[in-house]
Amino acid sequence: MSSENGRSDRPPAQDPPGGEQLALIRETVRRAKPPRARPRTWRGAELAERDPVARVLVDKGLLHLDRLFDYAVPAAMDAEARPGARVRVRFGAGERGGRREGGGLVNGFIVERRADSDFPGVLAPIAQVLSPEPVLGPGLLRLCQAVADRYAGALADVVQLAVPPRMARAEKTPAAGAPAAPPPPPRPPEASSWARYPAGPGYLRALAEGESPRAVWTALPGPHWPDELARALAAALASGRGALAVLPDGRAAARVDAALTALVGGGRHVLLTADAGAEARYRRWLAVNRGLVRCVVGTRAAMFAPVHDLGLVAIWDDGDPSHRDPREPMPHAREVLLLRAARDRCGFLLGAHSGTVEAAQLLETGWARPLAADRDAVRASAPLVRTVGDGDEARDPAARAARLPTLAWSTVREALRRGPVLVQVPRRGYVPRLACDRCREPARCAHCSGPLEATGGDAPPRCGWCGRDTPGWACAECGGTRLRGRVFGARRTAEELGRAFPSVPVRTSGRDHVLDAVPDRPALVVSTPGAEPVAEGPGYAAALLLDGWALLSRPDLRAGEEALRRWLDAAALVRPHTEGGTVVVMAEPTLRPVQALVRWDPAGYARRELAERAELGFPPVSRMAAVTGPPEAVAELLAAAELPPDAEVLGPVPLPVPDAGRPRRPGGPPPGERWDRALVRVPPGSGAALAAALRTARAARLARRGSEPVRVRVDPEDIG
DNA sequence: AGCACGCCGACT
DNA sequence: GTCGGCGTGCTC
């Protein structure tokens with residue numbers, strides 16, 4: 001032993017086996033300055049007899065030190081320093097004069113206890129065991145690692161998404177002793193409305209018998225899906241296994257929670273959503289982690305829930321953007337659940353009224369089977385869908401006053417005699433943008449050419465860039481002097497509809513005030529997508545889907561899919577056409593998403609989209625990653641990365657330079673700066689190699705110099 | 001990212 | 001002979 005502070009001349013007596021390294025650890029621990037005294041803090045006495053080395057995941061999301069570090073376990077912490085426990089360790093200290101100092105305390109998780117260490121230097125002791133609760137167990141750790149690998153991200157970042165923050169009070173168990181997990185439900189659930197799907201009862205039966213069927217479920221319109229999803233969970237429970245369902249928002253989760261409670265009673269599952277509060281959420285999460293509860297219904301973060309012995313993972317409406325976690329490395333719930341299903345060999349259920357290309361691909365590759373109703377059943381439960389193109393002008397004055405084409409106006413008027421009418425508007429707010437009423441050219445500020453925005457009421461429009469009021473506006477193209485709103489927000493629409501139908505109450509539901517349900521009485525319900533209340537009883541008498549062209553004109557690969565998804569989610573709340581349910585969509589009838597809505601054929605639409613993506617080599621038929629940053633940095637990273645041989649680099653191309661003074665988009669270039677973006681594309685089998693190559697190259701770059709940020713995004717959303 | 005070490009020039 | 005510039009590399 002030749003370390004200058006090794007002191008091998010005086011080895012400690014009664015060394016347990018472990019050789020020089022162990023002696024070195026003991027010496028290090030003996031010499032190290034004990035941290036300030038705290039409860040559970042090591043005070044500098046002895047080292048744990050067995051496995052005195054703890055492998056620690058340091059909770060710093062820095063990619064270039066995304067690996068495990070060994071620490072010495074003091075004897076006093078031996079019992080609590082279990083794998084999975086939260087600890088605090090000194091990190092980042094250098095060595096000076098053989099004495100360890102400096103380095104801040106950081107949080108981490110013990111991943112493993114070992115007899116020895118590969119680290120040639122001296123080990124620092126664990127500073128504190130925050131809690132012995134094994135919150136990062138082996139199964140959850142492996143899942144986090146798989147997600148980090150999939151997304152070229154840092155393990156510590158993923159763990160932060162997967163393990164909820166500690167709430168000490170929630171960890172206290174009742175003094176009466178650990179309660180036992182309730183037994184599985186005595187019998188599998190009845191098929192009930194699953195009988196409407198030819199493969200439905202068989203799917204439930206397979207789950208209940210302990211098999212692991214995988215399905216993409218195109219749900220029929222109507223109010224049955226929460227109960228059907230609950231039945232799938234109950235079937236998995238009945239097999240003695242656990243189950244997990246991820247929903248796009250708290251309202252949807254609450255509906256499935258209620259359905260499941262009605263089916264199997266309370267105590268067998270927990271609801272994991274944000275609005276339960278941090279402590280209650282952690283308490284429920286702990287119950288799952290301890291194996292006391294085997295079933296979870298929750299929102300996005302629940303995708304990591306450490307359910308024991310998974311029999312089924314399920315996701316509802318996987319196209320909803322909230323399924324992608326906005327934090328690094330931005331994992332998508334569908335992809336995380338796919339990883340879990342593959343690793344745990346459990347059942348998989350992806351359900352939606354619409355269909356994503358990813359779901360279509362699961363079917364096309366044969367990995368999952370379709371769970372869809374016959375055309376006859378679809379026709380019987382879907383509303384009648386009619387289209388109104390942009391050219392159809394309002395002819396009668398009442399309709400014109402409501403800014404509605406005649407068909408839309410008469411449909412609403414007629415339906416209001418029978419029940420509530422849903423009006424879906426694409427954006428909330430108050431007429432965000434204006435255009436010339438005569439030539440439809442976007443209205444621009446005479447001073448700086450910025451877009452004009454309405455400010456509300458009768459106030460003159462204002463420029464969105466320079467903020468000037470523009471009282472005497474005239475169109476630069478045609479000289480027109482009248483303005484019209486290009487996109488009508490919920491409030492404006494509600495106002496105008498209220499004027500057009502003065503005898504009917506108008507209710508709005510949007511991000512601020514979301515209504516859960518409306519009674520089965522005539523009312524106008526104006527809502528933004530995703531906030532539509534459920535109509536009690538048979539459902540809405542009609543729905544009006546406004547400004548479809550605004551949704552479809554976005555230069556986004558997913559614009560059509562997303563428009564169709566929003567329309568179907570709203571239209572699914574309308575009663576069947578056999579009971580008079582009608583949907584009017586204001587969009588060009590020749591567009592494919594519009595036709596798919598009229599025919600109620602989301603699966604067919606997704607299949608065609610998938611075929612088109614395959615032709616173009618777009619995701620998910622290929623796996624893509626985006627590399628963005630200053631041009632030299634992007635070029636250097638691509639040159640340094642050992643990309644798989646079948647990788648194809650597209651670009652780099654310059655990103656649009658954001659205008660100075662506009663708020664910076666997160667993850668985008670700073671205002672006024674030129675950034676490049678390159679796309680790297682590989683065939684499906686090489687996704688892991690691509691992610692690994694980009695992660696390694698980026699880590700090496702970060703380690704070399706902290707400057708010049710390069711962002712790597714796997715499955716980039718906004719490729720046009 | 002921090003933070004320490006190290007090898008050069010200007011000062012006492 | 002000593003202080004301190006920040007270039008380079010590590011963090012158990």
# chains A, B, ... in the order shown; residues from 1 in each chain; ligands from 1
call {"tool": "closest_atom_pairs", "arguments": {"of": "chain A", "to": "chain C", "cutoff": "7 Å", "atoms": "only C-alpha atoms (C1' of nucleotides)", "output": "CSV"}}
result
residue,atom,partner,partner_atom,distance
A:Phe69,CA,C:DC12,C1',4.6
A:Asp70,CA,C:DC12,C1',4.5
A:Tyr71,CA,C:DC12,C1',5.6
A:Phe91,CA,C:DT11,C1',6.4
A:Gly92,CA,C:DT11,C1',4.4
A:Ala93,CA,C:DT11,C1',6.4
A:Phe119,CA,C:DC12,C1',6.8
A:Leu123,CA,C:DC12,C1',5.4
A:Ala124,CA,C:DC12,C1',6.5
call {"tool": "select_by_dssp", "arguments": {"residues": "region 462-635 of chain A", "states": "strand (DSSP E)", "output": "number ranges by chain"}}
result
A: 462-463, 483-485, 506-509, 517-518, 524-527, 534-535, 542-545, 582-585, 623-629
call {"tool": "write_last_selection", "arguments": {"atoms": "C-alpha atoms", "output": "short mmCIF file (atom, residue, chain, number, x, y, z; two decimals), in the first residue's frame"}}
result
data_model
loop_
_atom_site.label_atom_id
_atom_site.label_comp_id
_atom_site.auth_asym_id
_atom_site.auth_seq_id
_atom_site.Cartn_x
_atom_site.Cartn_y
_atom_site.Cartn_z
CA ARG A 462 -53.15 46.11 -29.87
CA CYS A 463 -49.89 44.98 -31.47
CA LEU A 483 -61.20 43.09 -38.49
CA ARG A 484 -62.29 39.61 -37.63
CA GLY A 485 -60.97 37.19 -35.08
CA VAL A 506 -73.99 29.12 -21.11
CA ARG A 507 -71.31 27.38 -19.12
CA THR A 508 -67.58 27.37 -19.80
CA SER A 509 -64.95 24.84 -18.94
CA ALA A 517 -70.04 17.12 -15.44
CA VAL A 518 -73.12 18.98 -16.61
CA LEU A 524 -74.41 25.56 -24.06
CA VAL A 525 -71.15 24.17 -22.73
CA VAL A 526 -68.12 25.97 -24.14
CA SER A 527 -64.90 24.13 -23.51
CA VAL A 534 -69.18 14.72 -19.17
CA ALA A 535 -72.88 15.17 -19.85
CA ALA A 542 -74.84 17.79 -30.14
CA ALA A 543 -71.29 19.03 -30.31
CA LEU A 544 -69.88 21.89 -32.32
CA LEU A 545 -66.18 21.63 -33.12
CA THR A 582 -75.04 15.15 -33.95
CA VAL A 583 -71.56 16.59 -34.33
CA VAL A 584 -70.74 19.52 -36.58
CA VAL A 585 -67.09 20.06 -37.34
CA ARG A 623 -36.04 5.99 -34.09
CA MET A 624 -34.95 9.61 -34.13
CA ALA A 625 -32.94 11.90 -31.93
CA ALA A 626 -32.53 15.65 -32.27
CA VAL A 627 -29.26 17.34 -31.50
CA THR A 628 -29.53 21.10 -31.04
CA GLY A 629 -27.10 23.80 -30.03
#
call {"tool": "residues_around", "arguments": {"residues": "Val106 (chain A)", "least_positions_apart": "4", "cutoff": "12 Å", "atoms": "only C-alpha atoms (C1' of nucleotides)", "output": "list in words"}}
result
Val56, Leu57, Val58, Asp59, Lys60, Gly61, Arg86, Val87, Arg88, Val89, Arg90, Phe91, Gly92, Ala93, Ile126, Ala127, Gln128, Val129 and Leu130 of chain A
call {"tool": "write_last_selection", "arguments": {"atoms": "N, CA and C atoms", "output": "mmCIF file, in the first residue's frame"}}
result
data_model
loop_
_atom_site.group_PDB
_atom_site.id
_atom_site.type_symbol
_atom_site.label_atom_id
_atom_site.label_comp_id
_atom_site.auth_asym_id
_atom_site.auth_seq_id
_atom_site.Cartn_x
_atom_site.Cartn_y
_atom_site.Cartn_z
ATOM 1 N N VAL A 56 -23.479 4.092 -4.147
ATOM 2 C CA VAL A 56 -24.462 5.167 -4.008
ATOM 3 C C VAL A 56 -24.714 5.845 -5.352
ATOM 4 N N LEU A 57 -25.982 6.039 -5.659
ATOM 5 C CA LEU A 57 -26.362 6.870 -6.799
ATOM 6 C C LEU A 57 -26.486 8.295 -6.288
ATOM 7 N N VAL A 58 -25.564 9.138 -6.722
ATOM 8 C CA VAL A 58 -25.551 10.521 -6.254
ATOM 9 C C VAL A 58 -26.590 11.308 -7.033
ATOM 10 N N ASP A 59 -27.391 12.048 -6.287
ATOM 11 C CA ASP A 59 -28.546 12.708 -6.882
ATOM 12 C C ASP A 59 -28.154 14.022 -7.544
ATOM 13 N N LYS A 60 -27.281 13.913 -8.504
ATOM 14 C CA LYS A 60 -26.943 15.082 -9.310
ATOM 15 C C LYS A 60 -27.157 14.660 -10.740
ATOM 16 N N GLY A 61 -28.033 15.360 -11.439
ATOM 17 C CA GLY A 61 -28.371 14.954 -12.792
ATOM 18 C C GLY A 61 -27.308 15.306 -13.807
ATOM 19 N N ARG A 86 -32.473 6.325 1.232
ATOM 20 C CA ARG A 86 -31.996 7.677 0.924
ATOM 21 C C ARG A 86 -30.880 8.029 1.879
ATOM 22 N N VAL A 87 -29.776 8.564 1.345
ATOM 23 C CA VAL A 87 -28.646 8.957 2.188
ATOM 24 C C VAL A 87 -28.184 10.353 1.795
ATOM 25 N N ARG A 88 -27.356 10.921 2.663
ATOM 26 C CA ARG A 88 -26.620 12.130 2.317
ATOM 27 C C ARG A 88 -25.140 11.800 2.355
ATOM 28 N N VAL A 89 -24.421 12.271 1.339
ATOM 29 C CA VAL A 89 -22.977 12.014 1.288
ATOM 30 C C VAL A 89 -22.258 13.306 0.905
ATOM 31 N N ARG A 90 -20.990 13.355 1.310
ATOM 32 C CA ARG A 90 -20.151 14.467 0.851
ATOM 33 C C ARG A 90 -19.712 14.159 -0.570
ATOM 34 N N PHE A 91 -19.810 15.156 -1.419
ATOM 35 C CA PHE A 91 -19.472 14.900 -2.815
ATOM 36 C C PHE A 91 -18.811 16.126 -3.411
ATOM 37 N N GLY A 92 -17.785 15.847 -4.200
ATOM 38 C CA GLY A 92 -17.127 16.924 -4.922
ATOM 39 C C GLY A 92 -15.887 17.434 -4.220
ATOM 40 N N ALA A 93 -15.485 16.811 -3.133
ATOM 41 C CA ALA A 93 -14.308 17.259 -2.403
ATOM 42 C C ALA A 93 -13.041 16.772 -3.085
ATOM 43 N N ILE A 126 -20.500 7.514 4.492
ATOM 44 C CA ILE A 126 -21.846 8.074 4.322
ATOM 45 C C ILE A 126 -22.064 9.082 5.436
ATOM 46 N N ALA A 127 -22.577 10.249 5.096
ATOM 47 C CA ALA A 127 -22.752 11.271 6.120
ATOM 48 C C ALA A 127 -23.987 11.007 6.969
ATOM 49 N N GLN A 128 -25.040 10.514 6.357
ATOM 50 C CA GLN A 128 -26.308 10.397 7.084
ATOM 51 C C GLN A 128 -27.236 9.482 6.301
ATOM 52 N N VAL A 129 -27.930 8.623 6.997
ATOM 53 C CA VAL A 129 -29.019 7.882 6.366
ATOM 54 C C VAL A 129 -30.302 8.664 6.636
ATOM 55 N N LEU A 130 -30.861 9.224 5.570
ATOM 56 C CA LEU A 130 -32.049 10.061 5.763
ATOM 57 C C LEU A 130 -33.235 9.221 6.192
#
call {"tool": "closest_atom_pairs", "arguments": {"of": "chain B", "to": "chain A", "cutoff": "12 Å", "atoms": "only C-alpha atoms (C1' of nucleotides)", "output": "Markdown table"}}
result
| residue | atom | partner | partner_atom | distance |
| --- | --- | --- | --- | --- |
| B:DA1 | C1' | A:Gly706 | CA | 7.4 |
| B:DG2 | C1' | A:Gly92 | CA | 7.4 |
| B:DC3 | C1' | A:Gly94 | CA | 7.3 |
| B:DA4 | C1' | A:Gly94 | CA | 6.2 |
| B:DC5 | C1' | A:Gly94 | CA | 9.5 |
call {"tool": "atom_distance", "arguments": {"atom1": "CA of Leu263 (chain A)", "atom2": "CA of Leu244 (chain A)"}}
result
15.7 Å
call {"tool": "atom_distance", "arguments": {"atom1": "CA of Pro52 (chain A)", "atom2": "CA of Glu80 (chain A)"}}
result
12.5 Å
call {"tool": "residues_around", "arguments": {"residues": "Tyr197 (chain A)", "least_positions_apart": "2", "cutoff": "9 Å", "atoms": "only C-alpha atoms (C1' of nucleotides)", "output": "number ranges by chain"}}
result
A: 193-195, 199-201, 220, 371-374, 377
call {"tool": "residues_around", "arguments": {"residues": "His323 (chain A)", "least_positions_apart": "5", "cutoff": "8 Å", "atoms": "only C-alpha atoms (C1' of nucleotides)", "output": "list in words"}}
result
Leu247, Pro248, Arg300, Asp318, His332, Ala333 and Arg334 of chain A
call {"tool": "write_last_selection", "arguments": {"atoms": "N, CA and C atoms", "output": "PDB file, in the first residue's frame"}}
result
ATOM      1  N   LEU A 247     -53.463   7.587 -16.612  1.00  0.00           N
ATOM      2  CA  LEU A 247     -54.475   8.400 -17.276  1.00  0.00           C
ATOM      3  C   LEU A 247     -53.901   9.786 -17.549  1.00  0.00           C
ATOM      4  N   PRO A 248     -54.441  10.480 -18.551  1.00  0.00           N
ATOM      5  CA  PRO A 248     -53.829  11.763 -18.914  1.00  0.00           C
ATOM      6  C   PRO A 248     -54.079  12.891 -17.925  1.00  0.00           C
ATOM      7  N   ARG A 300     -49.538  10.678 -15.045  1.00  0.00           N
ATOM      8  CA  ARG A 300     -48.199  10.430 -15.586  1.00  0.00           C
ATOM      9  C   ARG A 300     -47.149   9.857 -14.634  1.00  0.00           C
ATOM     10  N   ASP A 318     -53.220   7.658 -25.228  1.00  0.00           N
ATOM     11  CA  ASP A 318     -51.771   7.870 -25.253  1.00  0.00           C
ATOM     12  C   ASP A 318     -51.357   9.045 -26.121  1.00  0.00           C
ATOM     13  N   HIS A 332     -42.025   9.346 -22.096  1.00  0.00           N
ATOM     14  CA  HIS A 332     -43.446   9.264 -22.408  1.00  0.00           C
ATOM     15  C   HIS A 332     -44.032   8.050 -21.702  1.00  0.00           C
ATOM     16  N   ALA A 333     -45.203   8.255 -21.085  1.00  0.00           N
ATOM     17  CA  ALA A 333     -45.785   7.174 -20.285  1.00  0.00           C
ATOM     18  C   ALA A 333     -45.981   5.908 -21.122  1.00  0.00           C
ATOM     19  N   ARG A 334     -46.386   6.064 -22.375  1.00  0.00           N
ATOM     20  CA  ARG A 334     -46.595   4.871 -23.200  1.00  0.00           C
ATOM     21  C   ARG A 334     -45.295   4.089 -23.354  1.00  0.00           C
TER      22      ARG A 334
END
call {"tool": "atom_distance", "arguments": {"atom1": "CA of Glu49 (chain A)", "atom2": "CA of Gly139 (chain A)"}}
result
26.8 Å
call {"tool": "residues_around", "arguments": {"residues": "Val111 (chain A)", "least_positions_apart": "3", "cutoff": "9 Å", "atoms": "only C-alpha atoms (C1' of nucleotides)", "output": "MDAnalysis selection string"}}
result
chainID A and resid 54:57 68 82:85 136:138 141
call {"tool": "residues_around", "arguments": {"residues": "region 407-416 of chain A", "least_positions_apart": "2", "cutoff": "6 Å", "atoms": "only C-alpha atoms (C1' of nucleotides)", "output": "PyMOL selection string"}}
result
chain A and resi 399+404-405+418-419+522+541-542
call {"tool": "write_last_selection", "arguments": {"atoms": "N, CA, C and O atoms", "output": "PDB file, in the first residue's frame"}}
result
ATOM      1  N   ALA A 399     -77.713  33.455 -37.544  1.00  0.00           N
ATOM      2  CA  ALA A 399     -76.473  32.685 -37.586  1.00  0.00           C
ATOM      3  C   ALA A 399     -75.278  33.611 -37.758  1.00  0.00           C
ATOM      4  O   ALA A 399     -74.228  33.411 -37.151  1.00  0.00           O
ATOM      5  N   LEU A 404     -71.738  31.973 -36.973  1.00  0.00           N
ATOM      6  CA  LEU A 404     -71.835  30.540 -37.222  1.00  0.00           C
ATOM      7  C   LEU A 404     -72.464  30.291 -38.582  1.00  0.00           C
ATOM      8  O   LEU A 404     -73.423  30.965 -38.957  1.00  0.00           O
ATOM      9  N   PRO A 405     -71.957  29.344 -39.331  1.00  0.00           N
ATOM     10  CA  PRO A 405     -72.625  28.940 -40.555  1.00  0.00           C
ATOM     11  C   PRO A 405     -74.021  28.392 -40.235  1.00  0.00           C
ATOM     12  O   PRO A 405     -74.273  27.932 -39.119  1.00  0.00           O
ATOM     13  N   ARG A 418     -83.306  19.346 -26.813  1.00  0.00           N
ATOM     14  CA  ARG A 418     -83.268  17.989 -26.270  1.00  0.00           C
ATOM     15  C   ARG A 418     -82.223  17.798 -25.188  1.00  0.00           C
ATOM     16  O   ARG A 418     -82.254  16.791 -24.473  1.00  0.00           O
ATOM     17  N   GLY A 419     -81.276  18.685 -25.100  1.00  0.00           N
ATOM     18  CA  GLY A 419     -80.253  18.457 -24.086  1.00  0.00           C
ATOM     19  C   GLY A 419     -79.110  19.438 -24.225  1.00  0.00           C
ATOM     20  O   GLY A 419     -79.179  20.406 -24.994  1.00  0.00           O
ATOM     21  N   PRO A 522     -80.941  21.367 -21.300  1.00  0.00           N
ATOM     22  CA  PRO A 522     -80.449  22.261 -22.346  1.00  0.00           C
ATOM     23  C   PRO A 522     -79.488  23.299 -21.786  1.00  0.00           C
ATOM     24  O   PRO A 522     -79.806  23.999 -20.820  1.00  0.00           O
ATOM     25  N   ALA A 541     -76.519  16.369 -26.645  1.00  0.00           N
ATOM     26  CA  ALA A 541     -77.384  16.233 -27.807  1.00  0.00           C
ATOM     27  C   ALA A 541     -76.629  16.560 -29.085  1.00  0.00           C
ATOM     28  O   ALA A 541     -76.932  16.030 -30.155  1.00  0.00           O
ATOM     29  N   ALA A 542     -75.646  17.442 -28.972  1.00  0.00           N
ATOM     30  CA  ALA A 542     -74.835  17.791 -30.135  1.00  0.00           C
ATOM     31  C   ALA A 542     -73.519  18.363 -29.659  1.00  0.00           C
ATOM     32  O   ALA A 542     -73.383  18.784 -28.505  1.00  0.00           O
TER      33      ALA A 542
END
call {"tool": "decode", "arguments": {"residues": "region 207-229 of chain A", "atoms": "N, CA, C and O atoms", "output": "short mmCIF file (atom, residue, chain, number, x, y, z; two decimals), in the first residue's frame"}}
result
data_model
loop_
_atom_site.label_atom_id
_atom_site.label_comp_id
_atom_site.auth_asym_id
_atom_site.auth_seq_id
_atom_site.Cartn_x
_atom_site.Cartn_y
_atom_site.Cartn_z
N LEU A 207 -56.41 -12.29 -18.70
CA LEU A 207 -55.78 -11.57 -17.57
C LEU A 207 -56.09 -12.28 -16.25
O LEU A 207 -55.21 -12.48 -15.42
N ALA A 208 -57.36 -12.64 -16.09
CA ALA A 208 -57.77 -13.25 -14.82
C ALA A 208 -57.11 -14.60 -14.62
O ALA A 208 -56.90 -15.03 -13.48
N GLU A 209 -56.76 -15.27 -15.70
CA GLU A 209 -56.14 -16.58 -15.57
C GLU A 209 -54.63 -16.50 -15.47
O GLU A 209 -53.93 -17.51 -15.58
N GLY A 210 -54.10 -15.29 -15.35
CA GLY A 210 -52.67 -15.16 -15.14
C GLY A 210 -51.86 -15.03 -16.40
O GLY A 210 -50.63 -15.02 -16.36
N GLU A 211 -52.53 -14.93 -17.54
CA GLU A 211 -51.78 -14.70 -18.79
C GLU A 211 -51.48 -13.22 -18.94
O GLU A 211 -51.93 -12.40 -18.15
N SER A 212 -50.72 -12.91 -19.99
CA SER A 212 -50.29 -11.52 -20.19
C SER A 212 -50.62 -11.04 -21.59
O SER A 212 -49.73 -10.80 -22.41
N PRO A 213 -51.92 -10.87 -21.89
CA PRO A 213 -52.30 -10.45 -23.23
C PRO A 213 -51.96 -8.96 -23.45
O PRO A 213 -52.01 -8.17 -22.52
N ARG A 214 -51.63 -8.64 -24.69
CA ARG A 214 -51.29 -7.25 -25.02
C ARG A 214 -52.24 -6.77 -26.11
O ARG A 214 -52.40 -7.44 -27.13
N ALA A 215 -52.85 -5.60 -25.88
CA ALA A 215 -53.89 -5.15 -26.79
C ALA A 215 -53.87 -3.65 -26.99
O ALA A 215 -53.50 -2.89 -26.09
N VAL A 216 -54.27 -3.25 -28.20
CA VAL A 216 -54.59 -1.85 -28.49
C VAL A 216 -56.09 -1.77 -28.65
O VAL A 216 -56.67 -2.42 -29.51
N TRP A 217 -56.69 -0.98 -27.79
CA TRP A 217 -58.13 -0.96 -27.63
C TRP A 217 -58.68 0.34 -28.21
O TRP A 217 -58.37 1.42 -27.71
N THR A 218 -59.45 0.24 -29.28
CA THR A 218 -60.14 1.41 -29.83
C THR A 218 -61.51 1.47 -29.17
O THR A 218 -62.42 0.71 -29.54
N ALA A 219 -61.63 2.38 -28.21
CA ALA A 219 -62.84 2.39 -27.39
C ALA A 219 -64.01 2.98 -28.14
O ALA A 219 -63.88 3.97 -28.86
N LEU A 220 -65.15 2.36 -27.96
CA LEU A 220 -66.38 2.90 -28.53
C LEU A 220 -66.72 4.21 -27.84
O LEU A 220 -66.40 4.40 -26.66
N PRO A 221 -67.37 5.14 -28.57
CA PRO A 221 -67.78 6.38 -27.93
C PRO A 221 -68.80 6.09 -26.84
O PRO A 221 -69.48 5.07 -26.87
N GLY A 222 -68.85 6.99 -25.89
CA GLY A 222 -69.80 6.81 -24.80
C GLY A 222 -69.11 6.74 -23.46
O GLY A 222 -67.89 6.84 -23.37
N PRO A 223 -69.90 6.56 -22.41
CA PRO A 223 -69.38 6.71 -21.05
C PRO A 223 -68.82 5.44 -20.42
O PRO A 223 -68.53 5.42 -19.24
N HIS A 224 -68.64 4.36 -21.20
CA HIS A 224 -68.30 3.08 -20.57
C HIS A 224 -66.83 2.84 -20.32
O HIS A 224 -66.47 1.94 -19.58
N TRP A 225 -65.97 3.63 -20.98
CA TRP A 225 -64.55 3.25 -20.93
C TRP A 225 -63.94 3.21 -19.54
O TRP A 225 -63.11 2.32 -19.27
N PRO A 226 -64.32 4.13 -18.59
CA PRO A 226 -63.67 4.01 -17.27
C PRO A 226 -64.00 2.67 -16.59
O PRO A 226 -63.14 2.05 -15.97
N ASP A 227 -65.24 2.24 -16.75
CA ASP A 227 -65.63 0.96 -16.16
C ASP A 227 -64.91 -0.19 -16.85
O ASP A 227 -64.47 -1.15 -16.20
N GLU A 228 -64.77 -0.09 -18.15
CA GLU A 228 -64.09 -1.17 -18.87
C GLU A 228 -62.62 -1.27 -18.48
O GLU A 228 -62.07 -2.36 -18.27
N LEU A 229 -61.99 -0.10 -18.36
CA LEU A 229 -60.58 -0.09 -17.92
C LEU A 229 -60.47 -0.68 -16.51
O LEU A 229 -59.57 -1.48 -16.22
#
